[in-house]
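Text of model06.txt (compact mmCIF, C-alpha atoms) as supplied:
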# COMPACT_ATOMS: atom_id res chain seq x y z
CA MET V 74 17.82 72.73 8.12
CA SER V 75 20.78 74.64 6.81
CA THR V 76 21.82 78.06 8.10
CA SER V 77 20.93 79.79 4.84
CA VAL V 78 17.38 78.51 5.05
CA SER V 79 16.87 79.49 8.69
CA GLN V 80 18.09 83.02 7.91
CA GLY V 81 15.82 83.32 4.90
CA SER V 82 12.10 83.96 4.63
CA HIS V 83 9.40 81.45 5.47
CA ASP V 84 8.87 80.87 1.72
CA GLU V 85 12.50 80.00 1.27
CA ALA V 86 12.21 77.36 3.96
CA HIS V 87 9.76 75.53 1.72
CA GLN V 88 12.26 75.53 -1.15
CA ALA V 89 14.72 73.04 0.31
CA PRO V 90 16.13 70.48 -2.16
CA ILE V 91 13.52 67.87 -3.12
CA LEU V 92 15.50 64.72 -2.46
CA GLY V 93 14.04 61.39 -3.47
CA SER V 94 14.85 57.95 -2.13
CA MET V 95 17.96 57.82 -4.36
CA GLY V 96 19.53 60.78 -2.57
CA VAL V 97 19.47 63.09 -5.58
CA ASP V 98 17.29 66.08 -6.42
CA SER V 99 14.02 64.71 -7.81
CA ARG V 100 13.61 67.57 -10.28
CA LYS V 101 17.07 66.99 -11.70
CA LEU V 102 16.42 63.26 -11.99
CA GLY V 103 13.10 64.02 -13.71
CA LEU V 104 14.78 66.41 -16.13
CA TRP V 105 17.51 63.90 -17.02
CA ALA V 106 14.81 61.26 -17.66
CA PHE V 107 12.91 63.78 -19.79
CA LEU V 108 16.07 64.55 -21.78
CA GLY V 109 16.56 60.81 -22.24
CA SER V 110 13.10 60.61 -23.80
CA GLU V 111 13.88 63.69 -25.90
CA THR V 112 16.90 61.92 -27.43
CA LEU V 113 14.49 59.25 -28.73
CA PHE V 114 12.19 61.95 -30.09
CA PHE V 115 14.92 63.79 -31.98
CA VAL V 116 16.74 60.67 -33.16
CA THR V 117 13.43 59.47 -34.62
CA LEU V 118 12.99 62.78 -36.48
CA ILE V 119 16.60 62.75 -37.73
CA THR V 120 16.39 59.09 -38.77
CA THR V 121 13.13 59.70 -40.67
CA HIS V 122 14.72 62.60 -42.52
CA LEU V 123 17.84 60.58 -43.38
CA ILE V 124 15.72 57.69 -44.67
CA PHE V 125 13.57 59.89 -46.90
CA TYR V 126 16.63 61.76 -48.18
CA ALA V 127 18.24 58.42 -49.05
CA ARG V 128 15.03 57.34 -50.81
CA THR V 129 14.87 60.61 -52.72
CA LYS V 130 18.49 60.14 -53.79
CA ALA V 131 17.83 56.54 -54.87
CA THR V 132 14.79 57.68 -56.90
CA LEU V 133 16.72 60.52 -58.56
CA LEU V 134 19.68 58.20 -59.23
CA ALA V 135 17.38 55.69 -60.93
CA ALA V 136 15.98 58.50 -63.09
CA GLY V 137 19.48 59.84 -63.86
CA THR V 138 18.71 63.27 -62.38
CA LEU V 139 20.53 63.09 -59.04
CA GLU V 140 23.12 65.76 -59.84
CA LYS V 141 20.49 68.16 -61.16
CA LEU V 142 17.80 67.68 -58.51
CA ASP V 143 19.59 66.63 -55.30
CA PRO V 144 17.75 68.68 -52.63
CA ARG V 145 20.59 68.82 -50.10
CA THR V 146 23.26 70.18 -52.41
CA HIS V 147 20.85 72.70 -53.96
CA TYR V 148 18.99 73.97 -50.89
CA LEU V 149 21.26 73.59 -47.88
CA GLY V 150 24.32 75.80 -47.63
CA ILE V 151 26.66 75.63 -44.66
CA GLU V 152 27.51 79.33 -44.37
CA LEU V 153 24.47 80.36 -42.33
CA THR V 154 24.29 77.00 -40.55
CA THR V 155 27.91 77.29 -39.39
CA VAL V 156 27.07 80.68 -37.89
CA LEU V 157 24.01 79.15 -36.19
CA ALA V 158 26.09 76.25 -34.84
CA THR V 159 28.66 78.72 -33.50
CA LEU V 160 25.93 80.83 -31.85
CA LEU V 161 24.44 77.83 -30.07
CA LEU V 162 27.84 76.51 -29.04
CA ALA V 163 28.77 79.95 -27.66
CA SER V 164 25.44 80.04 -25.79
CA SER V 165 26.30 76.71 -24.14
CA LEU V 166 29.55 78.25 -22.91
CA THR V 167 27.82 81.39 -21.59
CA MET V 168 25.19 79.17 -19.91
CA VAL V 169 27.77 77.15 -18.01
CA LEU V 170 29.53 80.39 -17.02
CA ALA V 171 26.19 81.70 -15.70
CA LEU V 172 25.79 78.51 -13.65
CA ALA V 173 29.33 78.83 -12.29
CA ALA V 174 28.58 82.45 -11.31
CA SER V 175 25.38 81.37 -9.52
CA LYS V 176 27.30 78.78 -7.50
CA ASP V 177 29.69 81.57 -6.46
CA LYS V 178 26.60 83.67 -5.62
CA ASP V 179 27.97 86.37 -7.93
CA TRP V 180 24.59 87.54 -9.23
CA LYS V 181 25.97 90.41 -11.29
CA ARG V 182 28.17 88.01 -13.27
CA PHE V 183 25.26 85.56 -13.49
CA ARG V 184 22.97 88.21 -14.99
CA PHE V 185 25.61 89.10 -17.61
CA TRP V 186 26.18 85.52 -18.78
CA GLN V 187 22.51 84.54 -18.58
CA LEU V 188 21.54 87.58 -20.68
CA ALA V 189 24.29 86.69 -23.17
CA THR V 190 22.82 83.16 -23.40
CA ILE V 191 19.33 84.54 -24.02
CA LEU V 192 20.61 86.90 -26.73
CA LEU V 193 22.65 84.19 -28.47
CA GLY V 194 19.64 81.86 -28.39
CA THR V 195 17.40 84.56 -29.81
CA ALA V 196 19.92 85.21 -32.59
CA PHE V 197 19.88 81.48 -33.37
CA VAL V 198 16.07 81.42 -33.67
CA GLY V 199 16.20 84.57 -35.82
CA GLY V 200 18.74 82.89 -38.12
CA GLN V 201 16.60 79.79 -38.37
CA VAL V 202 13.50 81.82 -39.28
CA TYR V 203 15.57 83.59 -41.96
CA GLU V 204 16.70 80.20 -43.31
CA PHE V 205 13.14 78.86 -43.39
CA ILE V 206 11.86 81.90 -45.31
CA HIS V 207 14.79 81.65 -47.74
CA LEU V 208 14.16 77.92 -48.35
CA TYR V 209 10.43 78.51 -48.80
CA HIS V 210 11.11 81.05 -51.55
CA GLU V 211 13.62 78.67 -53.14
CA GLY V 212 10.92 75.98 -53.47
CA LEU V 213 11.49 73.76 -50.41
CA LYS V 214 8.25 73.67 -48.43
CA LEU V 215 6.40 71.65 -45.80
CA ALA V 216 4.87 69.60 -48.60
CA PRO V 217 5.39 66.14 -50.17
CA GLN V 218 7.23 67.63 -53.13
CA TYR V 219 9.83 70.29 -53.90
CA VAL V 220 10.49 72.42 -56.95
CA LEU V 221 13.99 72.65 -58.47
CA GLU V 222 15.04 73.95 -61.88
CA GLY V 223 11.33 74.23 -62.78
CA GLU V 224 10.75 70.55 -62.07
CA THR V 225 8.50 69.20 -59.30
CA VAL V 226 9.98 66.24 -57.45
CA LYS V 227 7.76 64.02 -55.27
CA SER V 228 9.68 63.63 -52.02
CA LEU V 229 9.19 63.88 -48.26
CA TYR V 230 12.55 65.68 -47.94
CA GLY V 231 10.93 69.07 -47.23
CA VAL V 232 8.35 67.68 -44.78
CA THR V 233 10.90 65.79 -42.73
CA PHE V 234 13.43 68.66 -42.87
CA PHE V 235 11.03 71.32 -41.62
CA THR V 236 9.48 68.99 -39.01
CA MET V 237 12.90 68.13 -37.59
CA THR V 238 14.48 71.60 -37.62
CA GLY V 239 11.15 73.23 -36.70
CA PHE V 240 10.83 71.09 -33.57
CA HIS V 241 14.40 71.95 -32.69
CA GLY V 242 13.66 75.65 -33.14
CA LEU V 243 10.58 75.24 -30.92
CA HIS V 244 12.75 73.64 -28.24
CA VAL V 245 15.23 76.53 -28.47
CA THR V 246 12.34 78.99 -28.11
CA ILE V 247 11.03 77.14 -25.03
CA GLY V 248 14.60 77.18 -23.68
CA ILE V 249 14.79 80.97 -24.14
CA ILE V 250 11.49 81.40 -22.25
CA TRP V 251 12.83 79.15 -19.46
CA LEU V 252 16.07 81.15 -19.28
CA ILE V 253 14.16 84.45 -19.14
CA ALA V 254 11.89 83.04 -16.37
CA THR V 255 14.97 81.95 -14.39
CA TYR V 256 16.63 85.34 -14.94
CA VAL V 257 13.55 87.18 -13.64
CA LYS V 258 13.07 84.77 -10.70
CA VAL V 259 16.69 85.13 -9.57
CA GLY V 260 16.38 88.91 -9.88
CA LYS V 261 13.26 88.92 -7.68
CA PHE V 262 14.48 86.36 -5.13
CA PRO V 263 18.27 86.66 -5.06
CA ASN V 264 18.50 84.97 -1.64
CA SER V 265 16.54 81.87 -2.54
CA PRO V 266 18.62 78.75 -1.79
CA GLU V 267 17.01 77.13 -4.81
CA ASN V 268 18.57 79.53 -7.34
CA PRO V 269 21.61 77.39 -8.30
CA MET V 270 19.40 74.31 -8.88
CA ASP V 271 16.83 76.32 -10.88
CA ILE V 272 19.64 77.66 -13.06
CA GLU V 273 21.22 74.21 -13.38
CA LEU V 274 17.92 72.70 -14.59
CA ALA V 275 17.40 75.44 -17.18
CA GLY V 276 21.04 75.01 -18.19
CA LEU V 277 20.71 71.26 -18.65
CA TYR V 278 17.80 71.78 -21.03
CA TRP V 279 19.72 74.48 -22.86
CA HIS V 280 22.82 72.30 -23.33
CA PHE V 281 20.56 69.55 -24.62
CA VAL V 282 19.18 71.73 -27.43
CA ASP V 283 22.79 72.56 -28.30
CA LEU V 284 23.56 68.83 -28.32
CA VAL V 285 20.70 68.19 -30.76
CA TRP V 286 22.07 70.87 -33.08
CA VAL V 287 25.50 69.21 -32.97
CA ALA V 288 23.82 66.10 -34.42
CA ILE V 289 21.64 67.97 -36.95
CA PHE V 290 24.56 70.13 -38.14
CA THR V 291 26.71 67.10 -38.91
CA LEU V 292 24.11 64.57 -40.12
CA ILE V 293 21.87 66.89 -42.13
CA TYR V 294 24.07 69.74 -43.33
CA LEU V 295 27.57 68.29 -43.58
CA ILE V 296 27.16 64.63 -44.52
CA MET Y 253 17.72 64.19 5.43
CA ALA Y 254 21.05 65.64 6.43
CA ASP Y 255 22.80 62.65 4.91
CA HIS Y 256 20.93 63.18 1.67
CA VAL Y 257 21.86 66.86 1.54
CA SER Y 258 25.52 66.16 2.10
CA HIS Y 259 25.39 63.39 -0.53
CA ASP Y 260 23.86 65.83 -3.03
CA GLU Y 261 26.33 68.54 -2.11
CA HIS Y 262 29.12 66.05 -2.72
CA HIS Y 263 27.92 65.68 -6.31
CA VAL Y 264 27.62 69.45 -6.79
CA ALA Y 265 31.13 69.98 -5.46
CA HIS Y 266 32.49 67.13 -7.56
CA GLU Y 267 31.15 68.51 -10.83
CA SER Y 268 32.21 72.14 -10.29
CA HIS Y 269 35.05 73.56 -12.40
CA GLY Y 270 36.68 76.97 -12.66
CA THR Y 271 35.55 79.35 -15.39
CA LYS Y 272 38.94 78.96 -17.11
CA PHE Y 273 38.19 75.26 -17.58
CA TYR Y 274 34.89 76.07 -19.33
CA TRP Y 275 36.61 78.57 -21.63
CA ILE Y 276 39.13 75.88 -22.62
CA ILE Y 277 36.35 73.36 -23.32
CA GLY Y 278 34.46 76.01 -25.32
CA ALA Y 279 37.61 76.75 -27.36
CA ILE Y 280 38.18 73.04 -28.05
CA LEU Y 281 34.55 72.62 -29.19
CA ALA Y 282 34.92 75.67 -31.45
CA VAL Y 283 38.09 74.17 -32.99
CA VAL Y 284 36.25 70.86 -33.56
CA THR Y 285 33.42 72.76 -35.32
CA ALA Y 286 35.97 74.58 -37.49
CA LEU Y 287 37.58 71.21 -38.32
CA GLU Y 288 34.17 69.80 -39.33
CA VAL Y 289 33.54 72.69 -41.69
CA GLY Y 290 37.10 72.50 -43.04
CA ILE Y 291 36.71 68.78 -43.78
CA PHE Y 292 33.36 69.45 -45.45
CA LEU Y 293 35.06 72.00 -47.73
CA VAL Y 294 37.75 69.50 -48.84
CA GLU Y 295 35.27 66.61 -49.12
CA SER Y 296 36.11 65.88 -52.77
CA SER Y 297 39.76 65.13 -51.93
CA MET Y 298 38.95 62.12 -49.74
CA SER Y 299 36.98 58.89 -49.98
CA GLU Y 300 33.36 58.85 -48.78
CA ALA Y 301 34.13 56.34 -46.01
CA VAL Y 302 36.98 58.43 -44.60
CA PHE Y 303 34.82 61.57 -44.83
CA LEU Y 304 31.98 59.87 -42.93
CA VAL Y 305 34.20 58.38 -40.23
CA ILE Y 306 36.02 61.67 -39.57
CA LEU Y 307 32.85 63.79 -39.44
CA LEU Y 308 30.92 61.32 -37.27
CA GLY Y 309 33.94 61.00 -34.97
CA LEU Y 310 34.22 64.77 -34.59
CA ALA Y 311 30.47 65.11 -33.94
CA LEU Y 312 30.62 62.35 -31.32
CA ALA Y 313 33.60 64.05 -29.65
CA LYS Y 314 31.78 67.38 -29.64
CA GLY Y 315 28.60 65.83 -28.24
CA ALA Y 316 30.55 63.94 -25.58
CA GLY Y 317 32.29 67.20 -24.59
CA VAL Y 318 28.96 69.00 -24.14
CA ILE Y 319 27.43 66.12 -22.14
CA ALA Y 320 30.48 65.46 -19.94
CA PHE Y 321 31.63 68.99 -19.16
CA PHE Y 322 28.85 71.49 -19.87
CA MET Y 323 26.04 69.22 -18.63
CA HIS Y 324 28.38 67.89 -15.92
CA LEU Y 325 27.28 64.29 -16.46
CA ARG Y 326 30.86 63.15 -15.93
CA GLY Y 327 31.25 62.73 -12.18
CA ASP Y 328 27.55 63.29 -11.49
CA ALA Y 329 25.25 60.71 -9.85
CA LYS Y 330 25.18 57.36 -11.65
CA ILE Y 331 21.37 57.43 -11.84
CA PHE Y 332 21.53 60.57 -14.04
CA GLN Y 333 23.98 58.81 -16.36
CA PHE Y 334 21.69 55.78 -16.50
CA VAL Y 335 18.43 57.60 -17.32
CA PHE Y 336 20.13 59.63 -20.08
CA LEU Y 337 22.72 57.33 -21.60
CA VAL Y 338 20.54 54.21 -21.85
CA PRO Y 339 17.91 55.93 -24.06
CA LEU Y 340 20.75 57.56 -26.01
CA LEU Y 341 22.32 54.17 -26.70
CA PHE Y 342 18.93 52.76 -27.66
CA ALA Y 343 18.37 55.74 -29.98
CA PHE Y 344 21.72 55.15 -31.76
CA THR Y 345 20.86 51.47 -32.24
CA PHE Y 346 17.38 52.37 -33.50
CA CYS Y 347 18.83 54.89 -35.97
CA ILE Y 348 21.35 52.45 -37.44
CA ALA Y 349 18.77 49.64 -37.69
CA MET Y 350 16.15 51.85 -39.39
CA LEU Y 351 18.68 53.31 -41.83
CA LYS Y 352 19.86 49.82 -42.75
CA LEU Y 353 16.29 48.52 -43.20
CA PHE Y 354 14.59 51.38 -45.04
CA SER Y 355 17.09 53.64 -46.83
CA ASN Y 356 17.51 51.90 -50.16
CA HIS Y 357 13.95 51.87 -51.47
CA VAL Y 358 13.08 53.81 -54.59
CA GLY Y 359 9.93 55.96 -54.52
CA ILE Y 360 8.34 58.49 -52.21
CA ALA Y 361 7.09 55.92 -49.69
CA GLY Y 362 9.30 52.98 -50.62

Could you spell out this file's structure in structure tokens?
Amino acid sequence: MSTSVSQGSHDEAHQAPILGSMGVDSRKLGLWAFLGSETLFFVTLITTHLIFYARTKATLLAAGTLEKLDPRTHYLGIELTTVLATLLLASSLTMVLALAASKDKDWKRFRFWQLATILLGTAFVGGQVYEFIHLYHEGLKLAPQYVLEGETVKSLYGVTFFTMTGFHGLHVTIGIIWLIATYVKVGKFPNSPENPMDIELAGLYWHFVDLVWVAIFTLIYLI
Amino acid sequence: MADHVSHDEHHVAHESHGTKFYWIIGAILAVVTALEVGIFLVESSMSEAVFLVILLGLALAKGAGVIAFFMHLRGDAKIFQFVFLVPLLFAFTFCIAMLKLFSNHVGIAG
């Protein structure tokens, strides 16, 4: 065993890297496989939304009311969403800086960047809740119709929008809880040899939720 | 066991960058985001095809930057690349096929 393990506590000796037959950390391999499955999950949600938006547009175009009742142009602004995208992108940067600090065993710097990541993520979730409340009052709900200009339009736009962005928000929230758990664990066991890997795993998940927002921001809000 | 540890450490060492590098990547990604928003604001001055190609290209570049440098997939073990990129490729194919098949129907459920 390595020197750091032999100098540590008995508990730490049981936290040696879990290497599988492929010579890589099994937890990291498991997380990458999980993230691979998550891409299918989110792409399915995004695709469903894009299909039902296209169908809504085709229906409105056939009725000659596309300009008046297009849900995307009326409901979705990019001002708040650009701020949210910037927050999540900044949190990805602070996360990777936290990981770099952990590899240098600079725990003070790690705590600073990890806390910054948690705060940026929390601000993102707060912004998303604000957006949801705003859209709800504007007439876009988790229902098979939306109300615009006093007219009710049958469409799954709202259902697919809130399902997709809601699941993303849930993932961000889970990510924040994971980051807080890692922050607390590192604070309690600063000498654990597993700290860099624990932080790396939480970071991988965090970057993934940022990656999903990159796709949602472009495909749902901009295009 | 020792061989495995050194093999793993090789990957960790290979994927490590200085903090300055991450700041540069973060700045580039921020500029790409600003470009996306800027292009969205001048949408009416360009054709729809050009608008789509530019925005999708920028989003792909941004996503690739996050995966390669922040998630350190570039230079990491090939098995990690395989278990993530294969489903990602499948997901892209699935998305394009479904959009092509089901987007042009009129009515709530087509």

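Using all atoms listed in the file, the shortest contact distance between Leu213 of chain V and any of V:Gly260, V:Gly93, V:Pro269, V:Gly231 is found at V:Gly231.
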
Selection: 7 Å around segment 315-327 of chain Y, all atoms listed in the file, excl. self and same-chain fewer than 2 positions, as a PDB file with C-alpha atoms, in the frame of the given file:
ATOM      1  CA  VAL V 169      27.770  77.150 -18.010  1.00  0.00           C
ATOM      2  CA  LEU V 277      20.710  71.260 -18.650  1.00  0.00           C
ATOM      3  CA  HIS V 280      22.820  72.300 -23.330  1.00  0.00           C
ATOM      4  CA  LEU V 284      23.560  68.830 -28.320  1.00  0.00           C
ATOM      5  CA  VAL V 287      25.500  69.210 -32.970  1.00  0.00           C
TER       6      VAL V 287
ATOM      7  CA  HIS Y 266      32.490  67.130  -7.560  1.00  0.00           C
ATOM      8  CA  GLU Y 267      31.150  68.510 -10.830  1.00  0.00           C
ATOM      9  CA  ALA Y 311      30.470  65.110 -33.940  1.00  0.00           C
ATOM     10  CA  LEU Y 312      30.620  62.350 -31.320  1.00  0.00           C
ATOM     11  CA  ALA Y 313      33.600  64.050 -29.650  1.00  0.00           C
ATOM     12  CA  ALA Y 329      25.250  60.710  -9.850  1.00  0.00           C
ATOM     13  CA  GLN Y 333      23.980  58.810 -16.360  1.00  0.00           C
TER      14      GLN Y 333
END

**Request:** Would you give me, as number ranges by chain, the residues of chain Y that come within 8 Å of chain V, using all atoms listed in the file?
**Result:** Y: 254, 256-257, 259-260, 268-271, 274-275, 278, 281-282, 285, 288-289, 292, 304, 307-308, 311, 314-315, 318-319, 322-323, 329, 331-332, 335-340, 342-344, 347, 350-351, 354-360, 362

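With distances restricted to all atoms listed in the file, V:His122 is the closest residue to Phe234 of chain V from V:Ala254, V:Phe197, V:His122, V:Glu204.
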
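Picture a line from atom CA of Lys258 of chain V to atom CA of Ser175 of chain V; it runs 12.8 Å.
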
If the box runs along x, y and z of the file and leaves 5 Å on each side of segment 159-171 of chain V, what are its centre and edge lengths in Å, one decimal, as JSON?
{"center_x": 27.0, "center_y": 79.1, "center_z": -24.6, "size_x": 15.1, "size_y": 15.2, "size_z": 27.8}

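For the residues V:Arg100, V:Lys214, V:Arg145, V:His244, ranking by smallest atom-to-atom distance to Val232 of chain V using all atoms listed in the file places V:Lys214 first.
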
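Between atom CA of Thr154 of chain V and atom CA of His207 of chain V the interatomic distance comes to 12.8 Å.
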
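Take atom CA of Ala216 of chain V and atom CA of Thr146 of chain V: the distance between them is 18.8 Å.
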
**Asked** What's the 12 Å shell around Ile250 of chain V, counting only C-alpha atoms, without same-chain residues fewer than 2 positions away, as a count of residues only?
**Response** 21

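Of the residues under consideration (Y:Met298, Y:Val305, Y:Leu310, Y:Ile348), Y:Leu310 shows the shortest atom-to-atom contact distance to Val284 of chain Y when counting only C-alpha atoms.
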
Restore N, CA, C and O atoms in segment 310-329 of chain Y and list the result as a tab-separated table (two decimals), in the frame of the given file.
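Just written: part30.tsv:
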chain	number	residue	atom	x	y	z
Y	310	LEU	N	34.15	63.41	-35.14
Y	310	LEU	CA	34.22	64.77	-34.59
Y	310	LEU	C	32.91	65.16	-33.91
Y	310	LEU	O	32.91	65.78	-32.84
Y	311	ALA	N	31.78	64.79	-34.54
Y	311	ALA	CA	30.47	65.11	-33.94
Y	311	ALA	C	30.29	64.38	-32.61
Y	311	ALA	O	29.79	64.97	-31.64
Y	312	LEU	N	30.72	63.11	-32.57
Y	312	LEU	CA	30.62	62.35	-31.32
Y	312	LEU	C	31.49	62.98	-30.23
Y	312	LEU	O	31.07	63.09	-29.07
Y	313	ALA	N	32.70	63.42	-30.62
Y	313	ALA	CA	33.60	64.05	-29.65
Y	313	ALA	C	32.99	65.34	-29.12
Y	313	ALA	O	33.04	65.62	-27.91
Y	314	LYS	N	32.39	66.11	-30.04
Y	314	LYS	CA	31.78	67.38	-29.64
Y	314	LYS	C	30.60	67.13	-28.70
Y	314	LYS	O	30.45	67.79	-27.67
Y	315	GLY	N	29.75	66.17	-29.07
Y	315	GLY	CA	28.60	65.83	-28.24
Y	315	GLY	C	29.03	65.33	-26.86
Y	315	GLY	O	28.46	65.72	-25.84
Y	316	ALA	N	30.05	64.48	-26.85
Y	316	ALA	CA	30.55	63.94	-25.58
Y	316	ALA	C	31.10	65.07	-24.70
Y	316	ALA	O	30.90	65.07	-23.48
Y	317	GLY	N	31.75	66.04	-25.33
Y	317	GLY	CA	32.29	67.20	-24.59
Y	317	GLY	C	31.17	68.00	-23.93
Y	317	GLY	O	31.27	68.39	-22.75
Y	318	VAL	N	30.10	68.23	-24.68
Y	318	VAL	CA	28.96	69.00	-24.14
Y	318	VAL	C	28.32	68.23	-22.98
Y	318	VAL	O	28.07	68.80	-21.90
Y	319	ILE	N	28.10	66.93	-23.18
Y	319	ILE	CA	27.43	66.12	-22.14
Y	319	ILE	C	28.31	66.02	-20.88
Y	319	ILE	O	27.84	66.22	-19.76
Y	320	ALA	N	29.59	65.72	-21.09
Y	320	ALA	CA	30.48	65.46	-19.94
Y	320	ALA	C	30.80	66.72	-19.16
Y	320	ALA	O	30.78	66.70	-17.92
Y	321	PHE	N	31.10	67.82	-19.87
Y	321	PHE	CA	31.63	68.99	-19.16
Y	321	PHE	C	30.64	70.13	-19.00
Y	321	PHE	O	30.63	70.79	-17.95
Y	322	PHE	N	29.83	70.41	-20.02
Y	322	PHE	CA	28.85	71.49	-19.87
Y	322	PHE	C	27.62	71.01	-19.09
Y	322	PHE	O	27.06	71.74	-18.29
Y	323	MET	N	27.19	69.75	-19.37
Y	323	MET	CA	26.04	69.22	-18.63
Y	323	MET	C	26.48	68.52	-17.35
Y	323	MET	O	25.64	68.05	-16.58
Y	324	HIS	N	27.79	68.44	-17.14
Y	324	HIS	CA	28.38	67.89	-15.92
Y	324	HIS	C	27.97	66.44	-15.65
Y	324	HIS	O	27.92	66.02	-14.49
Y	325	LEU	N	27.69	65.68	-16.69
Y	325	LEU	CA	27.28	64.29	-16.46
Y	325	LEU	C	28.46	63.45	-15.97
Y	325	LEU	O	28.28	62.50	-15.22
Y	326	ARG	N	29.66	63.85	-16.40
Y	326	ARG	CA	30.86	63.15	-15.93
Y	326	ARG	C	31.05	63.49	-14.45
Y	326	ARG	O	31.17	64.66	-14.09
Y	327	GLY	N	31.05	62.48	-13.61
Y	327	GLY	CA	31.25	62.73	-12.18
Y	327	GLY	C	29.96	62.99	-11.43
Y	327	GLY	O	29.98	63.14	-10.22
Y	328	ASP	N	28.82	63.08	-12.17
Y	328	ASP	CA	27.55	63.29	-11.49
Y	328	ASP	C	26.98	61.93	-11.05
Y	328	ASP	O	27.58	60.88	-11.33
Y	329	ALA	N	25.83	61.96	-10.38
Y	329	ALA	CA	25.25	60.71	-9.85
Y	329	ALA	C	25.02	59.70	-10.97
Y	329	ALA	O	24.62	60.06	-12.07
